[in-house]
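Since the structure comes first, as structure tokens, the remarks are kept for the end.
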Amino acid sequence: MIAKYRGYGMAALAVAMVAVLVYWGYDRVNRASPGETKKATTDNVETALGISPIAVIGKVAQASGTGYKIEVIQVLKGDVKGNRSIQVAVPGGPGILANNEEYVFALAPSLSGPPNFYGMIDPFIFQIKNNKVAAITNDAQVAAAFQETNMSVAELASKLAAK
């Protein structure tokens with residue numbers, strides 16, 4: 001009888017050890033490495049604009065390093081503290097945005113204060129052409145997942161005003 005219970009005990013111990021090893025392996029594979037950050041992403045413009053405290057329509061005036069000078073055309077949400085010209089940090093630097101083109105920016109204020117802003121989510125820059133909202137990002141996976149939306153600038157502005 002004791003041998004029977006000993007057999008069950010050994011089997012239970014073996015199962016527990018395997019479970020611990022499997023969990024440990026899963027945890028190691030899915031845990032962020034030290035210093036690694038997870039990036040917030042979205043597949044639609046409504047989410048990006050909804051979580052961002054500031055949304056503007058602006059025209060690219062100049063690229064410099066990883067930032068762009070943007071001439072604000074219209075503030076859709078939030079406050080840019082009266083700045084008609086803002087600086088937007090864009091990962092990937094020059095070449096993502098075209099000079100003199102208009103974009104919609106979903107922004108947050110930088111710790112260095114106005115007129116400096118950044119995007120909290122990827123994508124945070126959108127272009128509306130022919131009533132289609134397209135994401136502007138240098139991340140191919142984010143771009144592939146983004147759902148283009150049929151929407152005019154006026155419809156976008158009214159949606160933000162309604163919130």
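How things are named: the first chain in the structure tokens is A, the next is B, and so on; residues count from 1 in each chain; ligands count from 1 in the order shown.
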
Show me, as a PyMOL selection string, the residues that have an atom within 12 Å of Gln141 in chain A when counting only C-alpha atoms, minus same-chain residues fewer than 6 positions from it. chain A and resi 41-43+122-123+135

Writing out the chosen residues with N, CA, C and O atoms as a PDB file, in the first residue's frame:
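Final output, saved to result-v4.pdb:
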ATOM      1  N   THR A  41       0.603  50.333 -30.063  1.00  0.00           N
ATOM      2  CA  THR A  41       0.200  50.450 -31.458  1.00  0.00           C
ATOM      3  C   THR A  41      -1.313  50.389 -31.571  1.00  0.00           C
ATOM      4  O   THR A  41      -2.001  49.929 -30.660  1.00  0.00           O
ATOM      5  N   THR A  42      -1.817  50.847 -32.706  1.00  0.00           N
ATOM      6  CA  THR A  42      -3.241  50.766 -33.000  1.00  0.00           C
ATOM      7  C   THR A  42      -3.433  50.468 -34.471  1.00  0.00           C
ATOM      8  O   THR A  42      -2.521  50.681 -35.276  1.00  0.00           O
ATOM      9  N   ASP A  43      -4.621  50.008 -34.808  1.00  0.00           N
ATOM     10  CA  ASP A  43      -4.909  49.738 -36.212  1.00  0.00           C
ATOM     11  C   ASP A  43      -5.966  50.678 -36.770  1.00  0.00           C
ATOM     12  O   ASP A  43      -6.484  50.474 -37.851  1.00  0.00           O
ATOM     13  N   ASP A 122       1.775  54.272 -32.105  1.00  0.00           N
ATOM     14  CA  ASP A 122       2.167  54.145 -33.504  1.00  0.00           C
ATOM     15  C   ASP A 122       1.044  53.448 -34.250  1.00  0.00           C
ATOM     16  O   ASP A 122       0.623  52.364 -33.829  1.00  0.00           O
ATOM     17  N   PRO A 123       0.500  54.038 -35.286  1.00  0.00           N
ATOM     18  CA  PRO A 123       0.878  55.316 -35.888  1.00  0.00           C
ATOM     19  C   PRO A 123       0.259  56.490 -35.139  1.00  0.00           C
ATOM     20  O   PRO A 123      -0.774  56.355 -34.503  1.00  0.00           O
ATOM     21  N   ALA A 135      -2.260  55.693 -42.616  1.00  0.00           N
ATOM     22  CA  ALA A 135      -1.265  55.810 -41.541  1.00  0.00           C
ATOM     23  C   ALA A 135       0.096  56.100 -42.151  1.00  0.00           C
ATOM     24  O   ALA A 135       0.458  55.527 -43.171  1.00  0.00           O
TER      25      ALA A 135
END

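Here CA of Pro91 in chain A is placed at a distance of 28.7 Å from CA of Ala161 in chain A.
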
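Omitting Leu156 in chain A and its sequence neighbours fewer than 3 positions away, and counting only C-alpha atoms, the residues within 12 Å are A:Val45, A:Glu46, A:Leu49, A:Gly50, A:Ala55, A:Val56, A:Ile57, A:Val75, A:Leu76, A:Lys77, A:Val104, A:Phe126, A:Gln127, A:Ile128, A:Asn131, A:Lys132, A:Val133, A:Thr149, A:Asn150, A:Met151, A:Ser152, A:Val153, A:Lys159, A:Leu160, A:Ala161, A:Ala162, A:Lys163.
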
Filtering to C-alpha atoms, could you give me those residues as a PDB file, in the first residue's frame?
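Saved to again_3.pdb:
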ATOM      1  CA  VAL A  45      -7.239  56.488 -36.432  1.00  0.00           C
ATOM      2  CA  GLU A  46     -10.034  56.802 -33.841  1.00  0.00           C
ATOM      3  CA  LEU A  49      -6.730  60.351 -31.678  1.00  0.00           C
ATOM      4  CA  GLY A  50      -8.863  59.197 -28.747  1.00  0.00           C
ATOM      5  CA  ALA A  55      -4.637  66.421 -32.238  1.00  0.00           C
ATOM      6  CA  VAL A  56      -3.728  68.908 -34.937  1.00  0.00           C
ATOM      7  CA  ILE A  57      -3.749  69.261 -38.678  1.00  0.00           C
ATOM      8  CA  VAL A  75      -6.212  72.308 -33.582  1.00  0.00           C
ATOM      9  CA  LEU A  76      -8.717  69.444 -33.450  1.00  0.00           C
ATOM     10  CA  LYS A  77      -8.246  68.525 -29.793  1.00  0.00           C
ATOM     11  CA  VAL A 104      -3.114  64.841 -38.933  1.00  0.00           C
ATOM     12  CA  PHE A 126      -2.110  60.260 -40.662  1.00  0.00           C
ATOM     13  CA  GLN A 127      -2.727  61.680 -44.096  1.00  0.00           C
ATOM     14  CA  ILE A 128      -6.186  62.260 -45.512  1.00  0.00           C
ATOM     15  CA  ASN A 131     -11.369  61.092 -48.165  1.00  0.00           C
ATOM     16  CA  LYS A 132      -9.197  58.130 -47.097  1.00  0.00           C
ATOM     17  CA  VAL A 133      -7.210  58.151 -43.859  1.00  0.00           C
ATOM     18  CA  THR A 149     -10.847  54.550 -43.183  1.00  0.00           C
ATOM     19  CA  ASN A 150     -13.124  56.485 -45.500  1.00  0.00           C
ATOM     20  CA  MET A 151     -13.353  59.837 -43.757  1.00  0.00           C
ATOM     21  CA  SER A 152     -13.019  63.497 -44.622  1.00  0.00           C
ATOM     22  CA  VAL A 153     -11.197  66.059 -42.498  1.00  0.00           C
ATOM     23  CA  LYS A 159     -15.974  63.053 -34.330  1.00  0.00           C
ATOM     24  CA  LEU A 160     -13.328  64.623 -32.092  1.00  0.00           C
ATOM     25  CA  ALA A 161     -15.633  67.528 -31.178  1.00  0.00           C
ATOM     26  CA  ALA A 162     -18.339  65.060 -30.139  1.00  0.00           C
ATOM     27  CA  LYS A 163     -16.043  63.391 -27.556  1.00  0.00           C
TER      28      LYS A 163
END

Need the shell around Asn138 in chain A: protein/DNA/RNA residues with any atom at most 12 Å away, counting only C-alpha atoms. Skip same-chain ones fewer than 6 positions apart. Format as a PyMOL selection string? chain A and resi 90-97+122-125+144

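Among the candidate residues A:Lys39, A:Ala106, A:Asn44, A:Pro115, the one lying nearest to Ile70 in chain A is A:Pro115, with distances computed using only C-alpha atoms.
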
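Among the candidates A:Asn83, A:Asn100, A:Gln147, A:Ser110, the residue lying nearest to Ala134 in chain A is A:Gln147 (atoms considered: only C-alpha atoms).
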
CA of Arg84 in chain A to CA of Thr137 in chain A, straight-line distance in Å: 23.9 Å

May I have the residues within 9 Å of Ile86 in chain A as a PyMOL selection string, using only C-alpha atoms and disregarding those fewer than 5 positions away in the same chain? chain A and resi 68-72+80+114-117

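As for CA of Ile73 in chain A and CA of Ala48 in chain A, they are spaced 19.3 Å apart.
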